[in-house]
>>> print(open('query-v4.tsv').read())   # TSV, C-alpha atoms and all ligand atoms
chain	number	residue	atom	x	y	z
A	8	MET	CA	-19.38	-7.37	-7.70
A	9	ASP	CA	-15.67	-6.55	-7.81
A	10	PHE	CA	-13.29	-7.91	-5.19
A	11	LEU	CA	-12.89	-4.41	-3.84
A	12	ASP	CA	-15.97	-2.27	-3.96
A	13	ILE	CA	-16.09	1.19	-2.44
A	14	ASP	CA	-19.06	3.43	-3.01
A	15	ALA	CA	-19.70	6.97	-1.77
A	16	LEU	CA	-17.27	6.61	1.13
A	17	CYS	CA	-17.07	9.60	3.47
A	18	VAL	CA	-14.86	9.85	6.52
A	19	ASN	CA	-14.89	12.68	9.05
A	20	TYR	CA	-12.60	13.04	12.04
A	21	ASN	CA	-13.94	14.73	15.11
A	22	GLN	CA	-11.26	16.19	17.32
A	23	HIS	CA	-12.17	18.51	20.20
A	24	ASN	CA	-15.50	19.20	18.49
A	25	HIS	CA	-13.72	20.23	15.33
A	26	ILE	CA	-14.79	18.15	12.34
A	27	THR	CA	-12.29	17.44	9.57
A	28	SER	CA	-13.60	15.91	6.39
A	29	ALA	CA	-10.84	13.49	5.33
A	30	LEU	CA	-12.59	11.59	2.52
A	31	LYS	CA	-15.55	12.79	0.54
A	32	ASP	CA	-17.57	10.60	-1.77
A	33	VAL	CA	-14.80	8.14	-2.67
A	34	SER	CA	-15.89	5.41	-5.07
A	35	LEU	CA	-13.64	2.82	-6.65
A	36	THR	CA	-13.56	-0.82	-7.65
A	37	LEU	CA	-10.69	-3.23	-8.17
A	38	PRO	CA	-10.90	-6.73	-9.62
A	39	GLN	CA	-9.39	-9.66	-7.73
A	40	GLY	CA	-5.76	-10.34	-8.53
A	41	SER	CA	-4.84	-6.88	-9.71
A	42	ILE	CA	-2.64	-4.08	-8.43
A	43	GLY	CA	-4.33	-0.78	-7.66
A	44	VAL	CA	-2.24	2.27	-6.85
A	45	ILE	CA	-3.61	5.32	-5.09
A	46	ILE	CA	-1.70	8.53	-5.56
A	47	GLY	CA	-2.46	11.96	-4.19
A	48	PRO	CA	-1.01	14.94	-2.35
A	49	SER	CA	0.03	14.73	1.27
A	50	GLY	CA	-2.90	14.95	3.68
A	51	CYS	CA	-5.52	14.03	1.08
A	52	GLY	CA	-6.72	11.01	3.04
A	53	LYS	CA	-4.72	8.11	1.55
A	54	SER	CA	-3.83	6.55	4.90
A	55	THR	CA	-7.38	7.12	6.07
A	56	LEU	CA	-8.62	5.10	3.10
A	57	LEU	CA	-6.15	2.29	3.75
A	58	ASN	CA	-7.04	2.15	7.44
A	59	ILE	CA	-10.68	1.77	6.49
A	60	LEU	CA	-9.79	-1.11	4.16
A	61	ALA	CA	-7.70	-2.72	6.90
A	62	GLY	CA	-10.72	-2.63	9.22
A	63	LEU	CA	-8.92	-0.34	11.67
A	64	ASN	CA	-11.43	2.48	11.39
A	65	MET	CA	-15.10	1.58	11.33
A	66	ASN	CA	-16.33	5.12	11.60
A	67	TYR	CA	-17.36	5.85	8.03
A	68	GLN	CA	-20.35	6.44	5.82
A	69	GLY	CA	-20.86	4.68	2.51
A	70	LYS	CA	-20.20	1.19	1.24
A	71	VAL	CA	-16.91	-0.66	1.61
A	72	PHE	CA	-16.74	-4.33	0.64
A	73	ILE	CA	-13.82	-6.70	0.30
A	74	ASP	CA	-14.89	-9.86	-1.45
A	75	GLY	CA	-18.46	-9.07	-0.45
A	76	LYS	CA	-17.68	-8.50	3.22
A	77	PRO	CA	-17.14	-5.32	5.25
A	78	PRO	CA	-13.44	-4.78	6.11
A	79	GLN	CA	-13.76	-5.70	9.77
A	80	GLU	CA	-15.09	-9.13	8.80
A	81	SER	CA	-12.50	-9.74	6.14
A	82	LYS	CA	-9.79	-11.79	7.83
A	83	GLU	CA	-7.44	-12.29	4.90
A	84	THR	CA	-6.03	-8.77	4.72
A	85	ALA	CA	-2.43	-7.77	5.47
A	86	LEU	CA	-1.29	-4.21	6.06
A	87	ILE	CA	2.27	-2.99	5.58
A	88	LEU	CA	3.09	0.44	6.92
A	89	GLN	CA	5.87	2.81	6.11
A	90	GLU	CA	7.53	2.16	9.47
A	91	TYR	CA	7.52	-1.58	8.81
A	92	GLY	CA	5.83	-2.61	12.08
A	93	LEU	CA	8.62	-5.04	12.99
A	94	LEU	CA	9.23	-6.26	16.52
A	95	PRO	CA	12.71	-4.97	17.40
A	96	TRP	CA	13.31	-7.52	20.17
A	97	LYS	CA	12.70	-10.50	17.92
A	98	SER	CA	15.09	-11.96	15.36
A	99	VAL	CA	14.32	-12.01	11.64
A	100	TRP	CA	13.24	-15.64	11.95
A	101	ASP	CA	11.00	-14.99	14.96
A	102	ASN	CA	9.46	-11.87	13.39
A	103	VAL	CA	8.36	-13.92	10.39
A	104	LYS	CA	7.09	-16.98	12.22
A	105	LEU	CA	5.05	-15.07	14.79
A	106	GLY	CA	1.89	-14.66	12.71
A	107	LEU	CA	1.67	-18.37	11.96
A	108	GLN	CA	2.39	-19.24	15.56
A	109	ILE	CA	-0.46	-17.03	16.70
A	110	LYS	CA	-2.73	-18.72	14.18
A	111	GLY	CA	-1.86	-22.02	15.84
A	112	ALA	CA	0.04	-23.70	12.99
A	113	SER	CA	2.16	-26.70	13.97
A	114	SER	CA	5.81	-26.03	14.70
A	115	LYS	CA	6.86	-28.17	11.71
A	116	GLU	CA	4.65	-26.22	9.30
A	117	THR	CA	5.69	-22.91	10.85
A	118	ALA	CA	9.39	-23.73	10.45
A	119	GLU	CA	8.96	-24.88	6.86
A	120	ARG	CA	6.96	-21.90	5.75
A	121	THR	CA	9.23	-19.45	7.58
A	122	LYS	CA	12.23	-20.96	5.83
A	123	ASN	CA	10.56	-20.84	2.42
A	124	ILE	CA	9.46	-17.27	2.65
A	125	LEU	CA	12.80	-16.04	4.01
A	126	ASN	CA	14.53	-17.86	1.20
A	127	LYS	CA	12.23	-16.33	-1.39
A	128	LEU	CA	12.91	-12.84	-0.09
A	129	GLY	CA	16.67	-13.40	0.15
A	130	LEU	CA	16.75	-13.11	3.93
A	131	LEU	CA	17.46	-16.65	5.07
A	132	HIS	CA	21.15	-15.97	5.71
A	133	LEU	CA	20.10	-13.11	8.00
A	134	LYS	CA	17.65	-15.13	10.07
A	135	LYS	CA	19.48	-14.62	13.37
A	136	ARG	CA	19.81	-10.87	13.03
A	137	PHE	CA	17.56	-8.32	14.68
A	138	PRO	CA	15.72	-5.61	12.72
A	139	ILE	CA	18.17	-2.92	13.85
A	140	GLN	CA	20.98	-4.89	12.19
A	141	LEU	CA	19.31	-4.74	8.76
A	142	SER	CA	19.41	-2.18	5.96
A	143	GLY	CA	16.23	-0.28	5.02
A	144	GLY	CA	15.59	-2.55	2.04
A	145	GLN	CA	16.12	-5.68	4.14
A	146	ARG	CA	13.72	-4.39	6.77
A	147	GLN	CA	11.12	-3.75	4.14
A	148	ARG	CA	11.59	-7.26	2.75
A	149	LEU	CA	11.18	-8.59	6.28
A	150	ALA	CA	7.92	-6.68	6.65
A	151	ILE	CA	6.70	-8.21	3.39
A	152	ALA	CA	7.77	-11.70	4.52
A	153	ARG	CA	5.80	-11.27	7.73
A	154	SER	CA	2.69	-10.48	5.75
A	155	LEU	CA	3.06	-13.04	3.00
A	156	ILE	CA	3.56	-15.97	5.33
A	157	LEU	CA	-0.09	-15.61	6.27
A	158	GLN	CA	-1.10	-15.96	2.61
A	159	PRO	CA	-3.39	-12.93	2.55
A	160	GLU	CA	-5.89	-12.30	-0.20
A	161	LEU	CA	-5.45	-8.56	-0.02
A	162	LEU	CA	-2.17	-6.77	0.61
A	163	LEU	CA	-2.43	-3.12	1.65
A	164	MET	CA	0.73	-1.03	1.53
A	165	ASP	CA	0.95	2.54	2.80
A	166	GLU	CA	3.89	4.29	1.13
A	167	PRO	CA	6.01	1.22	1.82
A	168	PHE	CA	9.14	2.27	-0.04
A	169	SER	CA	9.22	5.97	0.71
A	170	SER	CA	12.20	5.92	3.05
A	171	LEU	CA	14.40	3.86	0.73
A	172	ASP	CA	17.04	5.24	-1.62
A	173	ALA	CA	16.14	5.33	-5.32
A	174	LEU	CA	17.96	2.15	-6.30
A	175	THR	CA	16.70	0.05	-3.40
A	176	ARG	CA	13.25	1.41	-4.09
A	177	GLU	CA	13.35	0.09	-7.66
A	178	GLU	CA	14.62	-3.27	-6.41
A	179	MET	CA	11.69	-3.44	-4.00
A	180	GLN	CA	9.25	-2.55	-6.77
A	181	ASP	CA	10.68	-5.39	-8.88
A	182	LEU	CA	10.44	-7.75	-5.93
A	183	LEU	CA	6.83	-6.82	-5.29
A	184	LEU	CA	6.06	-7.39	-8.94
A	185	ASN	CA	7.72	-10.84	-8.81
A	186	ILE	CA	5.62	-11.72	-5.79
A	187	TRP	CA	2.49	-10.55	-7.53
A	188	LYS	CA	3.32	-12.55	-10.67
A	189	GLU	CA	3.71	-15.66	-8.54
A	190	THR	CA	0.72	-15.24	-6.25
A	191	HIS	CA	-1.68	-12.94	-8.13
A	192	LEU	CA	-2.85	-11.55	-4.86
A	193	THR	CA	-4.80	-8.30	-4.88
A	194	ILE	CA	-2.63	-5.35	-3.89
A	195	VAL	CA	-3.56	-1.79	-2.98
A	196	LEU	CA	-0.50	0.40	-2.76
A	197	ILE	CA	-0.33	4.02	-1.75
A	198	THR	CA	2.44	6.20	-3.00
A	199	HIS	CA	3.21	9.75	-3.85
A	200	ASN	CA	5.90	8.65	-6.28
A	201	ILE	CA	4.67	9.02	-9.84
A	202	GLU	CA	7.11	6.55	-11.45
A	203	GLU	CA	6.17	3.94	-8.84
A	204	ALA	CA	2.50	4.42	-9.62
A	205	VAL	CA	3.08	3.94	-13.35
A	206	PHE	CA	5.42	0.97	-12.90
A	207	LEU	CA	3.14	-0.95	-10.53
A	208	GLY	CA	-0.41	0.29	-10.93
A	209	GLN	CA	-2.59	-1.63	-13.33
A	210	LYS	CA	-5.25	0.74	-12.13
A	211	ILE	CA	-4.14	4.14	-10.91
A	212	PHE	CA	-6.50	6.23	-8.81
A	213	VAL	CA	-5.62	9.91	-8.52
A	214	MET	CA	-6.92	11.70	-5.45
A	215	SER	CA	-7.65	15.38	-5.00
A	216	ALA	CA	-6.33	17.47	-2.14
A	217	SER	CA	-8.22	17.28	1.14
A	218	PRO	CA	-11.01	16.28	1.52
A	219	GLY	CA	-9.85	13.52	-0.76
A	220	THR	CA	-11.89	12.09	-3.55
A	221	ILE	CA	-10.95	10.19	-6.71
A	222	ILE	CA	-10.53	12.66	-9.55
A	223	LYS	CA	-9.09	10.35	-12.15
A	224	GLU	CA	-8.90	6.63	-12.79
A	225	ILE	CA	-6.37	5.26	-15.27
A	226	ASP	CA	-6.16	1.78	-16.79
A	227	ASN	CA	-2.42	1.49	-17.20
A	228	SER	CA	-1.16	-1.03	-19.72
A	229	LEU	CA	2.48	-0.19	-18.91
A	230	ALA	CA	2.27	-1.64	-15.40
A	231	GLY	CA	4.44	-4.63	-14.65
A	232	ASP	CA	6.77	-4.29	-17.61
A	233	TYR	CA	10.34	-4.37	-16.29
A	234	SER	CA	11.67	-2.80	-19.45
A	235	ALA	CA	9.15	0.06	-19.47
A	236	ARG	CA	11.09	2.38	-17.15
A	237	GLY	CA	12.82	5.05	-19.18
A	238	LYS	CA	10.86	4.33	-22.38
A	239	MET	CA	9.09	7.22	-24.07
A	240	GLU	CA	5.59	5.91	-23.37
A	241	PHE	CA	6.44	5.46	-19.70
A	242	LEU	CA	7.76	9.00	-19.39
A	243	GLU	CA	4.71	10.36	-21.18
A	244	MET	CA	2.40	8.54	-18.80
A	245	CYS	CA	4.37	9.90	-15.83
A	246	ASN	CA	4.09	13.40	-17.23
A	247	SER	CA	0.38	13.19	-17.79
A	248	LEU	CA	-0.07	11.87	-14.25
A	249	ARG	CA	2.09	14.68	-12.91
A	250	LEU	CA	-0.05	17.26	-14.72
A	251	GLY	CA	-3.23	15.62	-13.47
A	252	LEU	CA	-1.96	15.81	-9.91
A	253	ARG	CA	-0.75	19.38	-10.21
A	254	GLY	CA	-3.66	20.77	-12.18
A	255	ARG	CA	-6.20	19.96	-9.56
A	256	ASP	CA	-4.12	20.43	-6.47
A	257	GLU	CA	-5.09	23.82	-5.12
A	258	HIS	CA	-2.57	23.50	-2.33
A	259	ALA	CA	0.39	22.93	-4.64
A	260	PRO	CA	3.07	25.60	-4.30
A	261	LYS	CA	2.53	28.44	-6.73
A	262	LYS	CA	5.39	29.57	-8.95
A	263	LEU	CA	7.58	32.06	-7.17
A	264	ASN	CA	8.42	35.38	-8.76
A	265	PRO	CA	12.15	35.80	-9.43
B	1	LIG	N1	-6.91	10.46	13.83
B	1	LIG	C1	-7.13	11.64	13.21
B	1	LIG	N2	-7.81	12.63	13.85
B	1	LIG	C2	-8.05	13.81	13.25
B	1	LIG	N3	-7.65	14.10	12.00
B	1	LIG	C3	-6.96	13.17	11.33
B	1	LIG	C4	-6.66	11.89	11.88
B	1	LIG	N4	-5.96	11.16	10.98
B	1	LIG	C5	-5.84	11.95	9.90
B	1	LIG	N5	-6.43	13.16	10.10
B	1	LIG	C6	-6.54	14.25	9.12
B	1	LIG	O1	-7.21	13.75	7.98
B	1	LIG	C7	-6.61	14.21	6.79
B	1	LIG	C8	-6.10	13.03	5.96
B	1	LIG	O2	-5.01	12.40	6.63
B	1	LIG	P1	-4.26	11.12	6.05
B	1	LIG	O3	-5.28	10.09	5.72
B	1	LIG	O4	-3.20	10.74	7.00
B	1	LIG	O5	-3.62	11.70	4.69
B	1	LIG	P2	-2.44	11.15	3.76
B	1	LIG	O6	-2.14	9.75	4.15
B	1	LIG	O7	-2.95	11.29	2.36
B	1	LIG	O8	-1.27	12.06	3.97
B	1	LIG	C9	-5.51	15.19	7.22
B	1	LIG	O9	-6.05	16.48	7.21
B	1	LIG	C10	-5.19	14.74	8.63
B	1	LIG	O10	-4.71	15.81	9.39
B	2	MG	MG	-0.39	8.81	4.79
>>> encode(input="query-v4.tsv", output="structure tokens", more="lines below")
Ligand SMILES: Nc1ncnc2c1ncn2[C@@H]1O[C@H](COP(=O)(O)OP(=O)(O)O)[C@@H](O)[C@H]1O
Ligand SMILES: [Mg+2]
Amino acid sequence: MDFLDIDALCVNYNQHNHITSALKDVSLTLPQGSIGVIIGPSGCGKSTLLNILAGLNMNYQGKVFIDGKPPQESKETALILQEYGLLPWKSVWDNVKLGLQIKGASSKETAERTKNILNKLGLLHLKKRFPIQLSGGQRQRLAIARSLILQPELLLMDEPFSSLDALTREEMQDLLLNIWKETHLTIVLITHNIEEAVFLGQKIFVMSASPGTIIKEIDNSLAGDYSARGKMEFLEMCNSLRLGLRGRDEHAPKKLNP
């Protein structure tokens, strides 16, 4: 069995007796230690899928297993959201150490690991600042530090870099790749950025418009190659992904007449 194993997953939302089908018959697998990227149009159910994996929504049909366990029993998962989830009233240092503190680690171990991780993410010199005093990229690095300090086995990221400018975004992609090369943790990242999917996704799962299902699965040998961006092969892969997304997206804007 693969580390991540999803089979025939269906999710419906019931709001005021109106049922919305958010995910329909989603099946995918991901081996341990690899990076899977899920890409699809807005509203297709990407966040729904990630929330299921994070154990935040147990209202689903089908099979979902993380390392052989259902998500709600899998304790080694970290979730990073687009809005970072930082505590604004705590300093950088305190934001990072909190998770370990809650887990009951000794103060010596907590201090050491907090220092190490902040150093690794280039934030140690900012340890006394508060989240509001950081740039978007620094905040995102802080969110990653908060997750990594707990040494998760699965890192879930929901459009984590979408509010960053293009350059910072690429820096963050490089940073994530460095972290992955060091830790080989399993990562599931959601994006609607095609270049990001091709740069990071060893496996790319393309979702259809709502109700979302996987319409294409790509084994991507270009993932993780810092020099790939801008190369012909990379651009071709991006183009083919773009066509795949457009071709099957019935809700995509139609060409306007002049
Ligand atoms: N809590 C909820 N209650 C009702 N409908 C929801 C809820 N969350 C999401 N939806 C609906 O489910 C669909 C998928 O949403 P979502 O997973 O957020 O998509 P994505 O992340 O791909 O943009 C959308 O139609 C959305 O309106
Ligand atoms: Mg979403």
>>> closest_residue(input="query-v4.tsv", among="A:Ser54, A:Ser247, A:Thr117, A:Thr36", to="ligand MG 2 (chain B)", atoms="only C-alpha atoms and all ligand atoms")
A:Ser54
>>> residues_around(input="query-v4.tsv", residues="Leu37 of chain A", least_positions_apart="4", cutoff="9 Å", atoms="all atoms listed in the file", output="compact mmCIF listing (two decimals) with C-alpha atoms, in the coordinates of the input")
# COMPACT_ATOMS: atom_id res chain seq x y z
CA ASP A 9 -15.67 -6.55 -7.81
CA PHE A 10 -13.29 -7.91 -5.19
CA LEU A 11 -12.89 -4.41 -3.84
CA ASP A 12 -15.97 -2.27 -3.96
CA SER A 41 -4.84 -6.88 -9.71
CA ILE A 42 -2.64 -4.08 -8.43
CA GLY A 43 -4.33 -0.78 -7.66
CA THR A 193 -4.80 -8.30 -4.88
CA VAL A 195 -3.56 -1.79 -2.98
CA LYS A 210 -5.25 0.74 -12.13
>>> atom_distance(input="query-v4.tsv", atom1="atom CA of Gln147 of chain A", atom2="atom CA of Tyr91 of chain A")
6.3 Å
>>> residues_near_ligand(input="query-v4.tsv", ligand="ligand LIG 1 (chain B)", cutoff="6 Å", atoms="all atoms listed in the file", output="list in words")
Tyr20, Gln22, Ala29, Ser49, Gly50, Cys51, Gly52, Lys53, Ser54 and Thr55 of chain A
>>> residues_near_ligand(input="query-v4.tsv", ligand="ligand MG 2 (chain B)", cutoff="12 Å", atoms="only C-alpha atoms and all ligand atoms", output="list of chain:residue names")
A:Ala29, A:Ile45, A:Ile46, A:Gly47, A:Pro48, A:Ser49, A:Gly50, A:Cys51, A:Gly52, A:Lys53, A:Ser54, A:Thr55, A:Leu56, A:Leu57, A:Asn58, A:Leu88, A:Gln89, A:Glu90, A:Met164, A:Asp165, A:Glu166, A:Pro167, A:Ser169, A:Leu196, A:Ile197, A:Thr198, A:His199, A:Gly219
>>> atom_distance(input="query-v4.tsv", atom1="atom CA of Thr27 of chain A", atom2="atom CA of Gly69 of chain A")
16.9 Å
>>> axis_aligned_box(input="query-v4.tsv", around="segment 221-240 of chain A", padding_each_side="5 Å", output="JSON")
{"center_x": 0.9, "center_y": 4.0, "center_z": -15.4, "size_x": 33.8, "size_y": 27.3, "size_z": 27.4}
>>> closest_residue(input="query-v4.tsv", among="A:Thr175, A:Gln145, A:Asn246, A:Thr220", to="Glu202 of chain A", atoms="only C-alpha atoms")
A:Asn246
>>> closest_residue(input="query-v4.tsv", among="A:Met8, A:Leu171, A:Leu149, A:Leu252", to="Asp74 of chain A", atoms="all atoms listed in the file")
A:Met8
>>> closest_residue(input="query-v4.tsv", among="A:Ser217, A:Lys110, A:Leu184, A:Glu177", to="Lys82 of chain A", atoms="only C-alpha atoms")
A:Lys110
>>> closest_residue(input="query-v4.tsv", among="A:Ser154, A:Ser34, A:Gln209, A:Ser142", to="Leu105 of chain A", atoms="only C-alpha atoms")
A:Ser154
>>> closest_residue(input="query-v4.tsv", among="A:Leu163, A:Val18, A:Leu35, A:Ile26", to="Asn66 of chain A", atoms="all atoms listed in the file")
A:Val18
>>> residues_around(input="query-v4.tsv", residues="Ile222 of chain A", least_positions_apart="5", cutoff="7 Å", atoms="only C-alpha atoms", output="compact mmCIF listing (two decimals) with C-alpha atoms, in the frame of the given file")
# COMPACT_ATOMS: atom_id res chain seq x y z
CA VAL A 213 -5.62 9.91 -8.52
CA MET A 214 -6.92 11.70 -5.45
CA SER A 215 -7.65 15.38 -5.00
>>> residues_around(input="query-v4.tsv", residues="segment 205-208 of chain A", least_positions_apart="6", cutoff="7 Å", atoms="all atoms listed in the file", output="JSON, numbers by chain")
{"A": [42, 43, 44, 227, 229, 230, 231, 245]}
>>> atom_distance(input="query-v4.tsv", atom1="atom CA of Asn24 of chain A", atom2="atom CA of Ile221 of chain A")
27.1 Å
>>> residues_around(input="query-v4.tsv", residues="Ile186 of chain A", least_positions_apart="4", cutoff="12 Å", atoms="all atoms listed in the file", output="list in words")
Gly40, Ile42, Ile124, Lys127, Leu128, Arg148, Ile151, Ala152, Ser154, Leu155, Gln158, Leu162, Met179, Gln180, Asp181, Leu182, Thr190, His191, Leu192, Thr193, Ile194 and Gly231 of chain A
>>> residues_around(input="query-v4.tsv", residues="Trp96 of chain A", least_positions_apart="2", cutoff="10 Å", atoms="all atoms listed in the file", output="PDB file with C-alpha atoms, in the coordinates of the input")
ATOM      1  CA  LEU A  93       8.620  -5.040  12.990  1.00  0.00           C
ATOM      2  CA  LEU A  94       9.230  -6.260  16.520  1.00  0.00           C
ATOM      3  CA  SER A  98      15.090 -11.960  15.360  1.00  0.00           C
ATOM      4  CA  VAL A  99      14.320 -12.010  11.640  1.00  0.00           C
ATOM      5  CA  ASP A 101      11.000 -14.990  14.960  1.00  0.00           C
ATOM      6  CA  ASN A 102       9.460 -11.870  13.390  1.00  0.00           C
ATOM      7  CA  PHE A 137      17.560  -8.320  14.680  1.00  0.00           C
ATOM      8  CA  PRO A 138      15.720  -5.610  12.720  1.00  0.00           C
ATOM      9  CA  ILE A 139      18.170  -2.920  13.850  1.00  0.00           C
TER      10      ILE A 139
END
>>> decode(input="query-v4.tsv", residues="segment 14-68 of chain A", atoms="C-alpha atoms", output="tab-separated table (two decimals), in the first residue's frame")
chain	number	residue	atom	x	y	z
A	14	ASP	CA	-9.88	5.44	-3.40
A	15	ALA	CA	-13.31	6.47	-4.69
A	16	LEU	CA	-13.50	9.49	-2.39
A	17	CYS	CA	-16.75	11.45	-2.54
A	18	VAL	CA	-17.55	14.54	-0.50
A	19	ASN	CA	-20.90	16.31	-0.39
A	20	TYR	CA	-21.70	19.47	1.51
A	21	ASN	CA	-25.18	19.91	2.86
A	22	GLN	CA	-26.13	23.50	3.44
A	23	HIS	CA	-29.73	24.46	4.20
A	24	ASN	CA	-30.85	21.17	2.66
A	25	HIS	CA	-29.00	21.98	-0.53
A	26	ILE	CA	-26.44	19.33	-1.41
A	27	THR	CA	-23.25	20.33	-3.21
A	28	SER	CA	-21.07	17.58	-4.58
A	29	ALA	CA	-17.52	18.85	-3.99
A	30	LEU	CA	-15.50	15.72	-4.81
A	31	LYS	CA	-16.64	12.82	-6.92
A	32	ASP	CA	-14.82	9.53	-7.15
A	33	VAL	CA	-11.32	10.85	-6.43
A	34	SER	CA	-8.63	8.17	-6.44
A	35	LEU	CA	-4.92	8.75	-6.10
A	36	THR	CA	-1.81	7.28	-4.53
A	37	LEU	CA	1.49	8.84	-3.55
A	38	PRO	CA	4.61	7.01	-2.40
A	39	GLN	CA	6.32	8.03	0.84
A	40	GLY	CA	8.94	10.72	0.45
A	41	SER	CA	7.63	12.26	-2.74
A	42	ILE	CA	6.03	15.55	-3.69
A	43	GLY	CA	2.52	15.42	-5.12
A	44	VAL	CA	0.97	18.53	-6.59
A	45	ILE	CA	-2.75	18.93	-7.13
A	46	ILE	CA	-3.82	21.50	-9.67
A	47	GLY	CA	-7.30	22.43	-10.79
A	48	PRO	CA	-9.68	25.31	-11.39
A	49	SER	CA	-11.02	27.41	-8.55
A	50	GLY	CA	-13.88	25.74	-6.68
A	51	CYS	CA	-13.06	22.23	-7.90
A	52	GLY	CA	-12.60	20.86	-4.40
A	53	LYS	CA	-8.84	21.16	-3.79
A	54	SER	CA	-9.17	22.59	-0.29
A	55	THR	CA	-11.88	20.06	0.46
A	56	LEU	CA	-9.45	17.28	-0.44
A	57	LEU	CA	-6.69	18.76	1.72
A	58	ASN	CA	-9.03	19.21	4.68
A	59	ILE	CA	-9.96	15.55	4.42
A	60	LEU	CA	-6.28	14.58	4.44
A	61	ALA	CA	-5.68	16.84	7.44
A	62	GLY	CA	-8.43	15.02	9.34
A	63	LEU	CA	-10.50	18.20	9.63
A	64	ASN	CA	-13.48	16.81	7.75
A	65	MET	CA	-14.56	13.27	8.50
A	66	ASN	CA	-17.74	13.45	6.51
A	67	TYR	CA	-16.78	11.55	3.37
A	68	GLN	CA	-17.40	8.34	1.49
